[in-house]
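*Asks:* As input, take protein.csv (CSV, C-alpha atoms):
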```
chain,number,residue,atom,x,y,z
A,1,MET,CA,0.2,-22.9,16.1
A,2,ASP,CA,-0.9,-24.4,12.8
A,3,PRO,CA,2.0,-24.0,10.3
A,4,ALA,CA,-0.5,-22.7,7.7
A,5,ASN,CA,-1.2,-19.7,10.0
A,6,LYS,CA,2.4,-18.7,10.6
A,7,ARG,CA,3.5,-15.4,9.3
A,8,GLN,CA,5.2,-15.6,5.9
A,9,SER,CA,8.7,-14.1,6.0
A,10,TYR,CA,10.1,-11.9,3.3
A,11,ARG,CA,13.0,-9.6,2.6
A,12,GLU,CA,14.3,-7.1,0.1
A,13,GLY,CA,14.7,-8.6,-3.3
A,14,ASP,CA,11.9,-11.2,-2.9
A,15,TRP,CA,9.5,-11.7,-5.8
A,16,LEU,CA,5.7,-11.7,-5.0
A,17,TRP,CA,2.8,-13.4,-6.8
A,18,ILE,CA,0.0,-10.8,-6.5
A,19,PRO,CA,-3.6,-11.6,-7.3
A,20,LEU,CA,-5.3,-9.2,-9.8
A,21,ARG,CA,-9.0,-8.2,-9.9
A,22,ARG,CA,-9.7,-10.8,-12.6
A,23,PRO,CA,-10.2,-14.4,-11.2
A,24,GLY,CA,-7.3,-16.7,-12.0
A,25,PHE,CA,-4.8,-13.9,-13.0
A,26,HIS,CA,-1.8,-12.6,-11.1
A,27,ALA,CA,1.1,-10.3,-11.6
A,28,VAL,CA,4.6,-10.3,-10.2
A,29,GLY,CA,6.1,-7.7,-8.0
A,30,ARG,CA,9.6,-7.3,-6.5
A,31,ILE,CA,10.2,-6.0,-3.0
A,32,ALA,CA,12.8,-3.3,-3.4
A,33,ARG,CA,12.7,-1.8,0.1
A,34,VAL,CA,11.3,-2.7,3.5
A,35,ALA,CA,10.5,-0.1,6.1
A,36,PRO,CA,12.5,-0.1,9.4
A,37,GLY,CA,10.6,-2.6,11.6
A,38,GLY,CA,8.8,-4.1,8.6
A,39,ASP,CA,5.1,-3.7,7.9
A,40,THR,CA,5.5,-1.4,4.8
A,41,ILE,CA,7.2,-2.4,1.5
A,42,MET,CA,8.1,-0.7,-1.7
A,43,ILE,CA,7.3,-2.7,-4.8
A,44,TYR,CA,8.0,-2.8,-8.5
A,45,GLY,CA,5.0,-4.4,-10.2
A,46,PHE,CA,5.1,-6.1,-13.6
A,47,GLY,CA,2.6,-7.5,-16.1
A,48,PRO,CA,1.4,-9.0,-18.1
A,49,PRO,CA,-1.5,-10.7,-16.2
A,50,ARG,CA,-0.5,-14.3,-15.7
A,51,SER,CA,-2.2,-17.6,-14.9
A,52,GLU,CA,1.1,-19.3,-14.0
A,53,PRO,CA,4.2,-18.0,-12.1
A,54,PRO,CA,7.2,-17.0,-14.3
A,55,SER,CA,10.4,-19.0,-14.4
A,56,SER,CA,13.5,-17.7,-12.6
A,57,GLU,CA,15.0,-16.9,-16.0
A,58,GLU,CA,12.0,-14.6,-16.8
A,59,LEU,CA,12.3,-12.9,-13.4
A,60,ASP,CA,16.1,-12.3,-14.1
A,61,ARG,CA,15.2,-10.4,-17.3
A,62,LEU,CA,12.8,-7.9,-15.6
A,63,GLU,CA,14.2,-4.4,-15.2
A,64,PRO,CA,13.0,-1.6,-12.9
A,65,ALA,CA,12.5,0.8,-15.8
A,66,SER,CA,9.9,-1.6,-17.3
A,67,ALA,CA,7.7,-1.8,-14.2
A,68,ASP,CA,4.0,-1.1,-14.8
A,69,LEU,CA,3.5,0.2,-11.3
A,70,VAL,CA,5.8,1.4,-8.6
A,71,GLY,CA,4.3,1.9,-5.2
A,72,MET,CA,4.3,1.3,-1.4
A,73,SER,CA,2.0,-1.1,0.4
A,74,GLY,CA,1.4,-2.7,3.7
A,75,ASP,CA,2.5,-6.3,4.1
A,76,MET,CA,-0.8,-7.7,5.2
A,77,GLY,CA,-1.2,-9.5,1.9
A,78,ILE,CA,2.0,-11.4,2.5
A,79,GLN,CA,1.0,-12.3,6.1
A,80,THR,CA,-2.4,-13.6,5.0
A,81,ARG,CA,-0.7,-15.5,2.2
A,82,ASP,CA,-2.9,-13.9,-0.4
A,83,TRP,CA,0.4,-12.7,-1.8
A,84,GLN,CA,2.9,-15.6,-2.1
A,85,VAL,CA,6.7,-15.2,-2.0
A,86,LEU,CA,8.1,-16.9,-5.1
A,87,SER,CA,11.1,-19.2,-4.8
A,88,HIS,CA,14.0,-17.5,-6.6
A,89,ARG,CA,17.8,-17.6,-6.1
A,90,GLY,CA,18.8,-14.6,-8.2
A,91,ARG,CA,21.0,-11.8,-6.8
A,92,PHE,CA,19.4,-8.6,-5.6
A,93,ASP,CA,21.4,-5.4,-6.4
A,94,ARG,CA,19.9,-2.5,-4.3
A,95,GLU,CA,21.6,0.2,-6.4
A,96,ARG,CA,19.9,-1.2,-9.5
A,97,TRP,CA,16.5,-1.3,-7.8
A,98,PRO,CA,16.4,2.1,-6.1
A,99,MET,CA,13.8,3.7,-3.9
A,100,PRO,CA,12.5,6.4,-6.3
A,101,PRO,CA,11.1,9.8,-5.5
A,102,PHE,CA,7.3,9.9,-5.1
A,103,ALA,CA,4.9,12.8,-5.6
A,104,GLN,CA,1.5,14.2,-4.6
A,105,TRP,CA,-0.6,16.7,-6.6
A,106,ASP,CA,-4.0,18.1,-7.1
A,107,GLU,CA,-5.3,17.8,-10.7
A,108,SER,CA,-6.8,21.3,-10.5
A,109,GLY,CA,-3.4,22.9,-9.5
A,110,SER,CA,-0.3,23.8,-11.5
A,111,ARG,CA,2.3,22.6,-8.9
A,112,GLY,CA,2.9,19.4,-7.0
A,113,LEU,CA,5.2,18.1,-4.3
A,114,ARG,CA,8.2,15.8,-5.0
A,115,LEU,CA,9.0,13.6,-2.0
A,116,ASP,CA,12.4,12.1,-1.6
A,117,TYR,CA,12.9,9.4,1.0
A,118,VAL,CA,16.4,10.3,2.0
A,119,LYS,CA,16.6,7.4,4.5
A,120,ASP,CA,16.1,5.1,1.5
A,121,ALA,CA,13.1,3.3,3.0
A,122,PRO,CA,9.3,3.5,3.0
A,123,ASN,CA,7.5,4.7,6.1
A,124,THR,CA,10.3,7.2,6.9
A,125,LYS,CA,10.0,11.0,6.7
A,126,PRO,CA,10.6,12.3,3.1
A,127,VAL,CA,12.0,15.7,2.1
A,128,ALA,CA,9.5,17.7,0.1
A,129,SER,CA,10.2,20.1,-2.8
A,130,VAL,CA,7.7,22.0,-5.0
A,131,VAL,CA,7.7,20.9,-8.7
A,132,SER,CA,5.6,21.5,-11.7
A,133,ILE,CA,2.5,19.3,-12.0
A,134,GLU,CA,3.9,17.8,-15.2
A,135,GLU,CA,7.0,16.6,-13.2
A,136,ALA,CA,4.8,15.4,-10.3
A,137,ARG,CA,2.6,13.3,-12.7
A,138,ARG,CA,5.7,11.5,-14.0
A,139,LEU,CA,6.4,10.2,-10.5
A,140,PRO,CA,4.6,7.4,-8.5
A,141,ARG,CA,1.9,8.7,-6.2
A,142,ASN,CA,2.9,9.0,-2.6
A,143,ARG,CA,0.7,6.6,-0.7
A,144,VAL,CA,1.0,3.4,1.3
A,145,SER,CA,-1.8,1.3,0.0
A,146,GLY,CA,-3.6,-1.4,1.8
A,147,TYR,CA,-2.9,-4.7,0.0
A,148,LYS,CA,-6.3,-4.9,-1.5
A,149,ALA,CA,-6.1,-1.4,-2.8
A,150,PHE,CA,-2.6,-2.2,-4.2
A,151,GLU,CA,-4.2,-5.0,-6.2
A,152,VAL,CA,-6.7,-2.6,-7.6
A,153,HIS,CA,-3.9,-0.1,-8.6
A,154,LEU,CA,-1.8,-2.9,-10.2
A,155,SER,CA,-4.8,-4.3,-12.1
A,156,ARG,CA,-5.6,-0.8,-13.5
A,157,ALA,CA,-2.0,-0.2,-14.4
A,158,LEU,CA,-2.2,-3.5,-16.5
A,159,GLY,CA,-5.3,-2.4,-18.3
A,160,LEU,CA,-7.8,-4.6,-16.5
A,161,PRO,CA,-11.3,-3.3,-16.0
A,162,VAL,CA,-11.8,-2.5,-12.3
A,163,LYS,CA,-14.7,-0.9,-10.6
A,164,SER,CA,-13.9,2.8,-10.2
A,165,GLU,CA,-12.6,3.9,-6.9
A,166,HIS,CA,-14.7,6.4,-5.0
A,167,ARG,CA,-13.6,10.0,-5.4
A,168,PRO,CA,-15.5,12.8,-3.7
A,169,PRO,CA,-17.3,15.2,-6.1
A,170,ASP,CA,-15.7,18.6,-6.9
A,171,GLY,CA,-15.9,20.9,-4.0
A,172,ARG,CA,-15.8,18.2,-1.4
A,173,PRO,CA,-12.8,18.2,1.0
A,174,MET,CA,-9.9,15.9,0.2
A,175,MET,CA,-10.0,12.6,2.2
A,176,ALA,CA,-7.6,10.0,3.6
A,177,GLU,CA,-8.4,6.3,4.2
A,178,HIS,CA,-6.6,4.0,6.6
A,179,PHE,CA,-6.7,0.1,6.4
A,180,THR,CA,-6.7,-2.0,9.6
A,181,TYR,CA,-7.3,-5.7,10.1
A,182,PHE,CA,-8.5,-7.8,13.1
A,183,THR,CA,-9.2,-11.5,13.7
A,184,SER,CA,-12.8,-11.3,15.1
A,185,GLN,CA,-15.9,-9.3,14.6
A,186,GLY,CA,-16.2,-8.3,18.2
A,187,VAL,CA,-12.6,-7.0,18.4
A,188,THR,CA,-13.1,-5.2,15.2
A,189,LYS,CA,-16.2,-3.4,16.4
A,190,SER,CA,-14.4,-2.4,19.6
A,191,ALA,CA,-11.4,-1.1,17.6
A,192,ALA,CA,-13.7,0.8,15.3
A,193,ASN,CA,-15.4,2.6,18.2
A,194,GLN,CA,-12.0,3.5,19.7
A,195,MET,CA,-10.8,4.8,16.4
A,196,LEU,CA,-13.8,7.1,16.1
A,197,LYS,CA,-12.9,8.6,19.5
A,198,ALA,CA,-9.2,8.8,18.6
A,199,VAL,CA,-9.8,10.7,15.3
A,200,PRO,CA,-12.5,13.4,15.7
A,201,GLY,CA,-14.8,13.7,12.7
A,202,ALA,CA,-13.7,10.4,11.1
A,203,SER,CA,-16.0,7.7,9.8
A,204,VAL,CA,-15.5,3.9,9.7
A,205,GLU,CA,-16.6,1.1,7.5
A,206,VAL,CA,-16.4,-2.5,8.9
A,207,ARG,CA,-16.5,-5.5,6.6
A,208,ARG,CA,-15.3,-9.1,6.2
A,209,SER,CA,-12.0,-9.6,4.2
A,210,GLY,CA,-11.1,-13.2,3.8
A,211,ASP,CA,-10.6,-14.7,7.2
A,212,LYS,CA,-10.0,-11.3,8.7
A,213,TRP,CA,-12.2,-8.3,9.6
A,214,LEU,CA,-11.3,-4.9,8.0
A,215,VAL,CA,-11.9,-1.4,9.3
A,216,VAL,CA,-11.5,1.4,6.8
A,217,LEU,CA,-11.3,4.7,8.6
A,218,SER,CA,-11.8,7.9,6.6
A,219,HIS,CA,-11.2,11.5,7.6
A,220,GLN,CA,-10.8,14.9,6.0
A,221,LEU,CA,-7.3,16.1,5.3
A,222,MET,CA,-8.2,19.8,5.8
A,223,HIS,CA,-9.5,21.2,9.0
A,224,GLN,CA,-8.3,18.1,10.9
A,225,SER,CA,-7.2,19.0,14.5
A,226,LEU,CA,-4.6,16.2,14.4
A,227,ASP,CA,-1.6,16.0,12.1
A,228,PHE,CA,-1.4,13.0,9.8
A,229,ASP,CA,1.5,11.3,11.6
A,230,THR,CA,-0.4,11.5,14.9
A,231,ILE,CA,-3.4,9.9,13.4
A,232,VAL,CA,-1.3,7.0,12.0
A,233,ASP,CA,0.4,6.6,15.4
A,234,ARG,CA,-3.0,6.4,17.2
A,235,LEU,CA,-4.4,3.8,14.8
A,236,LYS,CA,-1.3,1.7,15.1
A,237,ARG,CA,-1.5,1.8,18.9
A,238,ILE,CA,-5.2,0.7,18.7
A,239,CYS,CA,-4.2,-2.2,16.4
A,240,ALA,CA,-1.3,-3.2,18.7
A,241,GLN,CA,-3.6,-3.3,21.7
A,242,ARG,CA,-5.9,-5.8,19.9
A,243,SER,CA,-3.3,-7.9,18.0
A,244,GLY,CA,-4.5,-6.2,14.8
A,245,GLU,CA,-2.6,-5.0,11.8
A,246,TYR,CA,-2.3,-1.5,10.4
A,247,ASP,CA,-1.9,-1.9,6.6
A,248,GLY,CA,-1.4,1.5,5.2
A,249,TRP,CA,-3.2,4.7,4.0
A,250,GLU,CA,-4.3,6.4,0.9
A,251,ARG,CA,-4.9,10.1,0.4
A,252,ASP,CA,-6.7,12.1,-2.3
A,253,THR,CA,-4.1,13.9,-4.3
```
Here is the file; what I need is its structure written in the form of structure tokens.

*Replies:*
Amino acid sequence: MDPANKRQSYREGDWLWIPLRRPGFHAVGRIARVAPGGDTIMIYGFGPPRSEPPSSEELDRLEPASADLVGMSGDMGIQTRDWQVLSHRGRFDRERWPMPPFAQWDESGSRGLRLDYVKDAPNTKPVASVVSIEEARRLPRNRVSGYKAFEVHLSRALGLPVKSEHRPPDGRPMMAEHFTYFTSQGVTKSAANQMLKAVPGASVEVRRSGDKWLVVLSHQLMHQSLDFDTIVDRLKRICAQRSGEYDGWERDT
């Protein structure tokens, strides 16, 4: 295998150099937690937008409370090397960099859900509790973004102009999107067809993404005959059968 194509390794405490949606600019992020088995990471993201990586001394001064974005993402950006792991020898203190509670809410409602990841890792089952919408809004949104979507969220958090994300008009059902990557167009089309059979009522978008092919599968959250975890399991299985990568999900909240 060409060394340039080997998977880039990472671990908790590593710093990432993450591209923003403005050419030539990046931000830094710290991996605070890795899901059991990998694939999903929880990140503290920091501005300002930079054209050069920060020094180790600058990284050592960053604190979790000053993060511009806290979120969960798939690790595909690391594996494609679009996200570089920065060289840094500083110590990582897990207690100082906690896995925070997340939340989901509907802007038209008065209540939200607080989600505590009691196993202290992303991609595990959280404990939900009802909170006021004000409290929910103060917490990070509960989603596992595909890496390109995470770049959009981080760019927006840093005040960079980004093309508006699609949101269904009022009265439309809430939707979920899943991000999966494959190495060839033929395999991608085959996977997309199988996904449509596996998730009744879903739709797919297939497009090129760097040297990979991306399938975005969308489905309604309400009136879905399958529960959400079952859908994720089915998509992961389809990816595994074709040496693809499942890179996370986002839901309207």

*Asks:* Using all atoms listed in the file, find the one residue out of A:Val131, A:Leu160, A:Leu214, A:Val199 that sits nearest to A:Gln185.

*Replies:*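 Between A:Val131, A:Leu160, A:Leu214, A:Val199, the residue approaching A:Gln185 most closely is A:Leu214.
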
*Asks:* Residues within 9 Å of A:Glu205, please, as an MDAnalysis selection string. Count all atoms listed in the file; anything in the same chain fewer than 2 positions from it doesn't count.

*Replies:* chainID A and resid 192 203 207 214:218

*Asks:* For the selection just defined, write its residues with C-alpha atoms to a file, as a tab-separated table (two decimals), in the frame of the given file.

*Replies:*
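Generated output (again.tsv):
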```tsv
chain	number	residue	atom	x	y	z
A	192	ALA	CA	-13.70	0.80	15.30
A	203	SER	CA	-16.00	7.70	9.80
A	207	ARG	CA	-16.50	-5.50	6.60
A	214	LEU	CA	-11.30	-4.90	8.00
A	215	VAL	CA	-11.90	-1.40	9.30
A	216	VAL	CA	-11.50	1.40	6.80
A	217	LEU	CA	-11.30	4.70	8.60
A	218	SER	CA	-11.80	7.90	6.60
```

*Asks:* Can you tell me which residues surround A:Cys239 at a distance of at most 12 Å, considering only C-alpha atoms, apart from same-chain residues fewer than 2 positions away, and format the answer as an MDAnalysis selection string?

*Replies:* chainID A and resid 178:183 187:188 190:192 194:195 214:215 232:237 241:247

*Asks:* Contacts of A:Pro140 at 7 Å or less, counting all atoms listed in the file, minus same-chain residues fewer than 4 places along, as a ChimeraX atom specification?

*Replies:* /A:70-71,102-103

*Asks:* What does the distance between atom CA of A:Glu63 and atom CA of A:Pro49 come to in Å, to one decimal place?

*Replies:*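 Result for atom CA of A:Glu63 versus atom CA of A:Pro49: 16.9 Å, one decimal.
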
*Asks:* Counting all atoms listed in the file, what are the residues of stretch 171-221 of chain A within 12 Å of stretch 82-90 of chain A, and for each of them which pair of atoms is the nearest and at what distance in Å, to one decimal? Sort the table by chain and rising number, as CSV.

*Replies:*
```
residue,atom,partner,partner_atom,distance
A:Ser209,CA,A:Asp82,CA,11.1
A:Gly210,CA,A:Asp82,CA,9.2
A:Asp211,CA,A:Asp82,CA,10.8
A:Lys212,CA,A:Asp82,CA,11.8
```

*Asks:* Find, counting only C-alpha atoms, the residue in A:Gln104, A:His26, A:Met72, A:Tyr147 that gets nearest to A:Glu135.

*Replies:*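 Using only C-alpha atoms, A:Glu135 sits closest to A:Gln104.
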
*Asks:* Could you please determine the separation between atom CA of A:Pro19 and atom CA of A:Ala65 in Å, to one decimal place?

*Replies:*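 Distance reported for this atom pair: 22.0 Å.
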
*Asks:* Tell me which of A:Glu151, A:Glu12, A:Asp116, A:Glu95 sits closest to A:Gly45, counting only C-alpha atoms.

*Replies:*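 Distance minimum relative to A:Gly45 lands on A:Glu151.
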